[in-house]
Structure formats: structure tokens, C-alpha cells
file my_file36.txt (compact mmCIF, N, CA and C atoms and all ligand atoms)
# COMPACT_ATOMS: atom_id res chain seq x y z
N LYS A 642 11.04 26.35 4.79
CA LYS A 642 10.97 27.77 4.37
C LYS A 642 9.80 28.45 5.10
N LYS A 643 9.91 29.82 5.22
CA LYS A 643 8.81 30.57 5.86
C LYS A 643 7.54 30.41 5.02
N PHE A 644 6.40 30.32 5.67
CA PHE A 644 5.11 30.08 5.02
C PHE A 644 4.89 30.97 3.79
N LEU A 645 4.97 32.29 3.96
CA LEU A 645 4.64 33.21 2.85
C LEU A 645 5.66 33.06 1.73
N ALA A 646 6.92 32.86 2.07
CA ALA A 646 7.96 32.71 1.05
C ALA A 646 7.68 31.44 0.25
N GLU A 647 7.23 30.38 0.98
CA GLU A 647 6.92 29.11 0.34
C GLU A 647 5.81 29.27 -0.69
N LEU A 648 4.74 29.96 -0.29
CA LEU A 648 3.57 30.11 -1.19
C LEU A 648 3.88 31.10 -2.31
N LYS A 649 4.77 32.05 -2.06
CA LYS A 649 5.17 32.99 -3.12
C LYS A 649 5.90 32.21 -4.21
N PHE A 650 6.71 31.25 -3.79
CA PHE A 650 7.45 30.42 -4.75
C PHE A 650 6.46 29.63 -5.60
N CYS A 651 5.41 29.12 -4.97
CA CYS A 651 4.37 28.37 -5.70
C CYS A 651 3.73 29.28 -6.74
N ASP A 652 3.48 30.54 -6.36
CA ASP A 652 2.84 31.48 -7.29
C ASP A 652 3.77 31.75 -8.48
N ASP A 653 5.06 31.89 -8.20
CA ASP A 653 6.04 32.11 -9.28
C ASP A 653 6.02 30.93 -10.26
N VAL A 654 5.94 29.72 -9.72
CA VAL A 654 5.97 28.52 -10.56
C VAL A 654 4.71 28.43 -11.42
N ILE A 655 3.53 28.67 -10.84
CA ILE A 655 2.28 28.55 -11.61
C ILE A 655 2.22 29.66 -12.67
N LYS A 656 2.77 30.85 -12.34
CA LYS A 656 2.81 31.93 -13.34
C LYS A 656 3.71 31.52 -14.50
N GLU A 657 4.83 30.88 -14.16
CA GLU A 657 5.78 30.47 -15.20
C GLU A 657 5.13 29.49 -16.16
N VAL A 658 4.48 28.44 -15.67
CA VAL A 658 3.95 27.40 -16.57
C VAL A 658 2.82 27.92 -17.46
N PHE A 659 2.21 29.05 -17.07
CA PHE A 659 1.15 29.64 -17.89
C PHE A 659 1.71 30.58 -18.97
N LYS A 660 3.03 30.79 -18.98
CA LYS A 660 3.61 31.72 -19.97
C LYS A 660 3.39 31.22 -21.40
N PRO A 661 3.09 32.13 -22.34
CA PRO A 661 2.82 31.75 -23.74
C PRO A 661 3.89 30.84 -24.35
N LYS A 662 5.14 31.03 -23.93
CA LYS A 662 6.21 30.24 -24.57
C LYS A 662 6.09 28.74 -24.29
N TYR A 663 5.28 28.36 -23.28
CA TYR A 663 5.10 26.93 -22.98
C TYR A 663 3.73 26.41 -23.44
N SER A 664 2.93 27.33 -24.06
CA SER A 664 1.54 26.95 -24.35
C SER A 664 1.43 25.78 -25.33
N SER A 665 2.44 25.57 -26.16
CA SER A 665 2.37 24.48 -27.15
C SER A 665 2.08 23.14 -26.47
N PHE A 666 2.58 22.90 -25.26
CA PHE A 666 2.29 21.66 -24.55
C PHE A 666 1.45 21.89 -23.29
N ALA A 667 1.62 23.05 -22.64
CA ALA A 667 0.91 23.27 -21.36
C ALA A 667 -0.58 23.52 -21.55
N HIS A 668 -0.99 24.00 -22.72
CA HIS A 668 -2.40 24.40 -22.94
C HIS A 668 -3.37 23.27 -22.62
N VAL A 669 -2.95 22.05 -22.84
CA VAL A 669 -3.83 20.89 -22.60
C VAL A 669 -4.23 20.78 -21.14
N PHE A 670 -3.42 21.42 -20.27
CA PHE A 670 -3.63 21.28 -18.82
C PHE A 670 -4.14 22.56 -18.16
N TYR A 671 -4.47 23.57 -19.01
CA TYR A 671 -4.92 24.86 -18.46
C TYR A 671 -6.24 24.75 -17.70
N GLU A 672 -7.14 23.88 -18.19
CA GLU A 672 -8.49 23.78 -17.61
C GLU A 672 -8.82 22.32 -17.32
N PRO A 673 -9.86 22.06 -16.52
CA PRO A 673 -10.24 20.68 -16.24
C PRO A 673 -10.53 19.92 -17.54
N VAL A 674 -10.13 18.65 -17.56
CA VAL A 674 -10.45 17.79 -18.71
C VAL A 674 -11.98 17.77 -18.84
N ASP A 675 -12.49 18.03 -20.05
CA ASP A 675 -13.93 18.01 -20.30
C ASP A 675 -14.26 16.73 -21.07
N PRO A 676 -14.71 15.68 -20.37
CA PRO A 676 -14.94 14.38 -21.00
C PRO A 676 -15.95 14.44 -22.14
N VAL A 677 -16.92 15.37 -22.05
CA VAL A 677 -17.93 15.50 -23.11
C VAL A 677 -17.27 16.13 -24.34
N ALA A 678 -16.56 17.24 -24.14
CA ALA A 678 -15.92 17.93 -25.27
C ALA A 678 -14.89 17.02 -25.96
N LEU A 679 -14.22 16.21 -25.16
CA LEU A 679 -13.14 15.36 -25.71
C LEU A 679 -13.64 13.98 -26.11
N ASN A 680 -14.94 13.74 -25.87
CA ASN A 680 -15.54 12.44 -26.21
C ASN A 680 -14.80 11.29 -25.52
N ILE A 681 -14.57 11.45 -24.22
CA ILE A 681 -13.93 10.38 -23.43
C ILE A 681 -14.80 10.15 -22.19
N PRO A 682 -16.01 9.58 -22.40
CA PRO A 682 -16.95 9.38 -21.30
C PRO A 682 -16.40 8.53 -20.16
N GLN A 683 -15.36 7.73 -20.45
CA GLN A 683 -14.79 6.87 -19.41
C GLN A 683 -13.83 7.61 -18.48
N TYR A 684 -13.56 8.91 -18.78
CA TYR A 684 -12.49 9.61 -18.07
C TYR A 684 -12.64 9.54 -16.54
N HIS A 685 -13.83 9.91 -16.06
CA HIS A 685 -14.01 9.97 -14.61
C HIS A 685 -14.12 8.60 -13.96
N LYS A 686 -14.19 7.53 -14.80
CA LYS A 686 -14.13 6.18 -14.23
C LYS A 686 -12.66 5.83 -13.96
N VAL A 687 -11.80 6.34 -14.85
CA VAL A 687 -10.37 6.02 -14.77
C VAL A 687 -9.65 6.97 -13.81
N ILE A 688 -10.01 8.27 -13.89
CA ILE A 688 -9.31 9.30 -13.11
C ILE A 688 -10.21 9.76 -11.96
N LYS A 689 -9.83 9.34 -10.74
CA LYS A 689 -10.68 9.63 -9.57
C LYS A 689 -10.47 11.04 -9.02
N LYS A 690 -9.25 11.59 -9.23
CA LYS A 690 -8.98 12.94 -8.70
C LYS A 690 -8.45 13.82 -9.84
N PRO A 691 -9.37 14.36 -10.67
CA PRO A 691 -8.94 15.24 -11.76
C PRO A 691 -8.23 16.48 -11.20
N MET A 692 -7.26 16.98 -11.93
CA MET A 692 -6.57 18.20 -11.53
C MET A 692 -6.02 18.89 -12.78
N ASP A 693 -5.91 20.21 -12.71
CA ASP A 693 -5.43 20.99 -13.85
C ASP A 693 -4.80 22.28 -13.33
N LEU A 694 -4.08 22.98 -14.18
CA LEU A 694 -3.33 24.18 -13.78
C LEU A 694 -4.27 25.31 -13.36
N GLY A 695 -5.42 25.43 -14.00
CA GLY A 695 -6.37 26.48 -13.65
C GLY A 695 -6.93 26.29 -12.25
N THR A 696 -7.25 25.04 -11.93
CA THR A 696 -7.76 24.71 -10.59
C THR A 696 -6.70 25.00 -9.53
N ILE A 697 -5.45 24.63 -9.82
CA ILE A 697 -4.35 24.90 -8.89
C ILE A 697 -4.17 26.40 -8.69
N SER A 698 -4.21 27.15 -9.78
CA SER A 698 -4.06 28.60 -9.69
C SER A 698 -5.17 29.20 -8.83
N ASN A 699 -6.41 28.75 -9.03
CA ASN A 699 -7.55 29.24 -8.23
C ASN A 699 -7.41 28.84 -6.76
N LYS A 700 -6.95 27.62 -6.50
CA LYS A 700 -6.77 27.18 -5.11
C LYS A 700 -5.71 28.03 -4.42
N LEU A 701 -4.65 28.36 -5.16
CA LEU A 701 -3.57 29.17 -4.58
C LEU A 701 -4.11 30.56 -4.23
N LYS A 702 -4.86 31.14 -5.17
CA LYS A 702 -5.42 32.49 -4.96
C LYS A 702 -6.42 32.50 -3.81
N SER A 703 -7.09 31.36 -3.59
CA SER A 703 -8.11 31.27 -2.52
C SER A 703 -7.52 30.77 -1.22
N ASN A 704 -6.17 30.75 -1.14
CA ASN A 704 -5.49 30.32 0.09
C ASN A 704 -5.91 28.92 0.54
N LEU A 705 -6.11 28.02 -0.44
CA LEU A 705 -6.52 26.65 -0.09
C LEU A 705 -5.33 25.72 0.11
N TYR A 706 -4.10 26.23 -0.12
CA TYR A 706 -2.92 25.41 0.15
C TYR A 706 -2.29 25.86 1.46
N GLU A 707 -2.08 24.89 2.36
CA GLU A 707 -1.47 25.25 3.65
C GLU A 707 0.04 25.34 3.52
N ASN A 708 0.59 24.64 2.53
CA ASN A 708 2.05 24.66 2.35
C ASN A 708 2.40 24.27 0.92
N ALA A 709 3.67 24.35 0.59
CA ALA A 709 4.14 24.07 -0.78
C ALA A 709 3.96 22.61 -1.14
N ALA A 710 4.01 21.74 -0.13
CA ALA A 710 3.87 20.30 -0.38
C ALA A 710 2.49 19.98 -0.96
N GLU A 711 1.46 20.68 -0.46
CA GLU A 711 0.10 20.45 -0.97
C GLU A 711 -0.01 20.92 -2.43
N PHE A 712 0.65 22.03 -2.72
CA PHE A 712 0.68 22.58 -4.08
C PHE A 712 1.40 21.58 -5.01
N GLU A 713 2.56 21.10 -4.56
CA GLU A 713 3.34 20.15 -5.35
C GLU A 713 2.55 18.88 -5.62
N SER A 714 1.81 18.43 -4.61
CA SER A 714 1.02 17.22 -4.74
C SER A 714 -0.04 17.37 -5.84
N ASP A 715 -0.70 18.52 -5.90
CA ASP A 715 -1.70 18.76 -6.96
C ASP A 715 -1.03 18.84 -8.33
N MET A 716 0.14 19.46 -8.38
CA MET A 716 0.85 19.55 -9.66
C MET A 716 1.19 18.15 -10.16
N ARG A 717 1.69 17.30 -9.29
CA ARG A 717 2.10 15.95 -9.70
C ARG A 717 0.89 15.07 -10.02
N LEU A 718 -0.27 15.44 -9.47
CA LEU A 718 -1.51 14.73 -9.78
C LEU A 718 -1.88 14.94 -11.26
N ILE A 719 -1.59 16.13 -11.78
CA ILE A 719 -1.82 16.40 -13.21
C ILE A 719 -1.04 15.39 -14.05
N PHE A 720 0.23 15.18 -13.67
CA PHE A 720 1.10 14.30 -14.46
C PHE A 720 0.64 12.85 -14.36
N THR A 721 0.36 12.39 -13.13
CA THR A 721 -0.02 10.97 -12.97
C THR A 721 -1.36 10.69 -13.64
N ASN A 722 -2.30 11.65 -13.56
CA ASN A 722 -3.58 11.48 -14.28
C ASN A 722 -3.33 11.36 -15.79
N CYS A 723 -2.48 12.25 -16.29
CA CYS A 723 -2.19 12.29 -17.73
C CYS A 723 -1.59 10.97 -18.19
N TYR A 724 -0.62 10.42 -17.42
CA TYR A 724 0.06 9.18 -17.82
C TYR A 724 -0.84 7.98 -17.66
N LYS A 725 -1.80 8.09 -16.70
CA LYS A 725 -2.71 6.97 -16.50
C LYS A 725 -3.69 6.87 -17.66
N PHE A 726 -4.17 8.03 -18.11
CA PHE A 726 -5.21 8.03 -19.15
C PHE A 726 -4.66 7.97 -20.57
N ASN A 727 -3.57 8.66 -20.82
CA ASN A 727 -3.02 8.75 -22.17
C ASN A 727 -1.80 7.85 -22.32
N PRO A 728 -1.90 6.84 -23.23
CA PRO A 728 -0.78 5.91 -23.41
C PRO A 728 0.50 6.63 -23.86
N PRO A 729 1.67 6.04 -23.60
CA PRO A 729 2.97 6.69 -23.84
C PRO A 729 3.15 7.30 -25.22
N LYS A 730 2.63 6.67 -26.26
CA LYS A 730 2.85 7.20 -27.60
C LYS A 730 1.95 8.40 -27.91
N ASP A 731 0.92 8.60 -27.08
CA ASP A 731 -0.06 9.66 -27.34
C ASP A 731 0.58 11.04 -27.14
N VAL A 732 0.23 11.98 -27.99
CA VAL A 732 0.84 13.32 -27.95
C VAL A 732 0.58 13.99 -26.59
N VAL A 733 -0.59 13.70 -26.00
CA VAL A 733 -0.92 14.34 -24.71
C VAL A 733 -0.04 13.79 -23.61
N HIS A 734 0.33 12.52 -23.71
CA HIS A 734 1.29 11.92 -22.75
C HIS A 734 2.62 12.66 -22.86
N GLN A 735 3.02 12.95 -24.10
CA GLN A 735 4.30 13.67 -24.32
C GLN A 735 4.20 15.09 -23.76
N PHE A 736 3.02 15.71 -23.93
CA PHE A 736 2.82 17.06 -23.37
C PHE A 736 2.98 17.02 -21.85
N GLY A 737 2.45 15.96 -21.23
CA GLY A 737 2.57 15.81 -19.78
C GLY A 737 4.02 15.69 -19.36
N LYS A 738 4.80 14.93 -20.12
CA LYS A 738 6.23 14.78 -19.83
C LYS A 738 6.96 16.13 -19.92
N GLN A 739 6.56 16.93 -20.94
CA GLN A 739 7.20 18.25 -21.09
C GLN A 739 6.83 19.17 -19.92
N LEU A 740 5.55 19.10 -19.51
CA LEU A 740 5.12 19.94 -18.39
C LEU A 740 5.81 19.49 -17.10
N GLU A 741 5.95 18.19 -16.92
CA GLU A 741 6.60 17.65 -15.71
C GLU A 741 8.06 18.11 -15.66
N GLN A 742 8.72 18.09 -16.82
CA GLN A 742 10.13 18.49 -16.89
C GLN A 742 10.26 19.98 -16.52
N LEU A 743 9.34 20.78 -17.09
CA LEU A 743 9.35 22.21 -16.79
C LEU A 743 9.12 22.43 -15.29
N PHE A 744 8.14 21.73 -14.74
CA PHE A 744 7.85 21.88 -13.30
C PHE A 744 9.06 21.46 -12.47
N ASN A 745 9.63 20.30 -12.77
CA ASN A 745 10.79 19.82 -11.99
C ASN A 745 11.95 20.81 -12.05
N ASP A 746 12.16 21.42 -13.23
CA ASP A 746 13.25 22.40 -13.36
C ASP A 746 13.00 23.61 -12.46
N LYS A 747 11.74 24.09 -12.49
CA LYS A 747 11.41 25.28 -11.70
C LYS A 747 11.37 24.96 -10.21
N TRP A 748 10.83 23.78 -9.89
CA TRP A 748 10.63 23.39 -8.49
C TRP A 748 11.96 23.20 -7.77
N SER A 749 13.00 22.81 -8.54
CA SER A 749 14.29 22.53 -7.89
C SER A 749 15.21 23.76 -7.89
N GLU A 750 14.70 24.90 -8.44
CA GLU A 750 15.55 26.12 -8.46
C GLU A 750 15.86 26.60 -7.05
C1 LIG B 801 -10.00 10.09 -27.49
C2 LIG B 801 -9.10 10.93 -26.62
C3 LIG B 801 -7.89 10.41 -26.17
C4 LIG B 801 -7.04 11.18 -25.36
C5 LIG B 801 -7.40 12.47 -25.01
N1 LIG B 801 -6.54 13.19 -24.20
C6 LIG B 801 -6.60 14.54 -24.13
C7 LIG B 801 -6.51 15.28 -22.96
C8 LIG B 801 -6.25 14.80 -21.61
C9 LIG B 801 -5.46 15.59 -20.77
C10 LIG B 801 -5.19 15.17 -19.48
C11 LIG B 801 -5.69 13.96 -19.03
O1 LIG B 801 -5.45 13.54 -17.75
C12 LIG B 801 -6.46 13.17 -19.88
C13 LIG B 801 -6.74 13.60 -21.17
N2 LIG B 801 -6.66 16.58 -23.24
C14 LIG B 801 -6.82 16.67 -24.56
C15 LIG B 801 -7.01 17.81 -25.36
C16 LIG B 801 -7.11 19.14 -24.76
C17 LIG B 801 -7.13 17.66 -26.74
C18 LIG B 801 -7.05 16.38 -27.28
C19 LIG B 801 -6.89 15.27 -26.48
N3 LIG B 801 -6.79 15.42 -25.15
C20 LIG B 801 -8.62 13.00 -25.45
C21 LIG B 801 -9.46 12.22 -26.25
call {"tool": "encode", "arguments": {"input": "my_file36.txt", "output": "C-alpha cells", "more": "lines below"}}
Ligand SMILES: Cc1ccc(Nc2c(-c3ccc(O)cc3)nc3c(C)cccn23)cc1
result
Amino acid sequence: KKFLAELKFCDDVIKEVFKPKYSSFAHVFYEPVDPVALNIPQYHKVIKKPMDLGTISNKLKSNLYENAAEFESDMRLIFTNCYKFNPPKDVVHQFGKQLEQLFNDKWSE
């Protein structure tokens, strides 16, 4: 796809996942995980490349993505980090699955 069209699509997707109707599960990923606030001091030992929707949105606005593949890679990093840190039965793991499903649906449109 043409460069600008590609990045416009990324912007549409990040705008979509921030919509209030998805906040019940997406809110957990709006900002960087705060290990102090969440009392998970081990987080940065386990997760070497933290990522969140707010950081992705800021990178997109600052033209830090050269193509859609880089954007997709950061989005999928949110999911893999979430599954690595939060065991399957944990509600946050389920939130990650819901966000991944939403992203996959939008990404394949
Ligand atoms: C003791 C404990 C256990 C699990 C969690 N997970 C968690 C995470 C989280 C998100 C992404 C991620 O890659 C890792 C963690 N975000 C939260 C929030 C916002 C509230 C409650 C729990 N949360 C927090 C504390």
C-alpha cells in the first residue's frame, strides 16, 4: 500500500481501540504498565520491551513508524507482554485476548 494510506489505516485502528465502547478491556493497555502502582516490582525483569496503546499513539503522531509493519509489531508486543506476565486465568490475560481479537478484526479489514 502507499505509505500515507498505510499510516492512515494505522491511525484509524488506534482511534478505534481507544473508543469508549471497548474501554472495559482496553483501558488496561491505555498507558505504560506502572510496576510501582500495580505492586509488580518484577515486571521489568520479565518484560524487556514494554508497550502500550498510548505509546503507540504517540509514536504514530511523532512519525516514528516507517510503515504499517512496525506499527503492527508494537501492537502485537502489547499482547505477547500481557500473555507472558499474566497467567491465562487472570482477567488481564482475558483483556489482552479481547484486545487482540479487536485488533485482528480491524487489521484484516
Ligand atoms: C499482582 C498483579 C498481577 C497482574 C497485574 N496485571 C495488570 C496489568 C498488566 C497489563 C499488561 C501487562 O503486560 C502486565 C500487567 N495491568 C493491570 C491493571 C491496570 C490493573 C490490575 C492489574 N493489572 C497487576 C498486578
call {"tool": "closest_residue", "arguments": {"input": "my_file36.txt", "among": "A:Pro676, A:Gly695, A:Pro661, A:Pro729", "to": "ligand LIG 801 (chain B)", "atoms": "only C-alpha atoms and all ligand atoms"}}
result
A:Pro676
call {"tool": "closest_residue", "arguments": {"input": "my_file36.txt", "among": "A:Lys700, A:Glu707, A:Tyr684, A:Lys747", "to": "ligand LIG 801 (chain B)", "atoms": "only N, CA and C atoms and all ligand atoms"}}
result
A:Tyr684
call {"tool": "select_by_dssp", "arguments": {"input": "my_file36.txt", "residues": "chain A", "states": "helix (DSSP H, G or I)", "output": "number ranges by chain"}}
result
A: 644-658, 661-670, 684-687, 694-702, 709-726, 732-748
call {"tool": "residues_near_ligand", "arguments": {"input": "my_file36.txt", "ligand": "ligand LIG 801 (chain B)", "cutoff": "6 Å", "atoms": "only C-alpha atoms and all ligand atoms", "output": "list in words"}}
result
Val669, Val674, Leu679, Ile681, Asn722, Cys723, Phe726, Asn727 and Val733 of chain A
call {"tool": "atom_distance", "arguments": {"input": "my_file36.txt", "atom1": "atom C of A:Gln742", "atom2": "atom N of A:Ser714"}}
result
14.7 Å
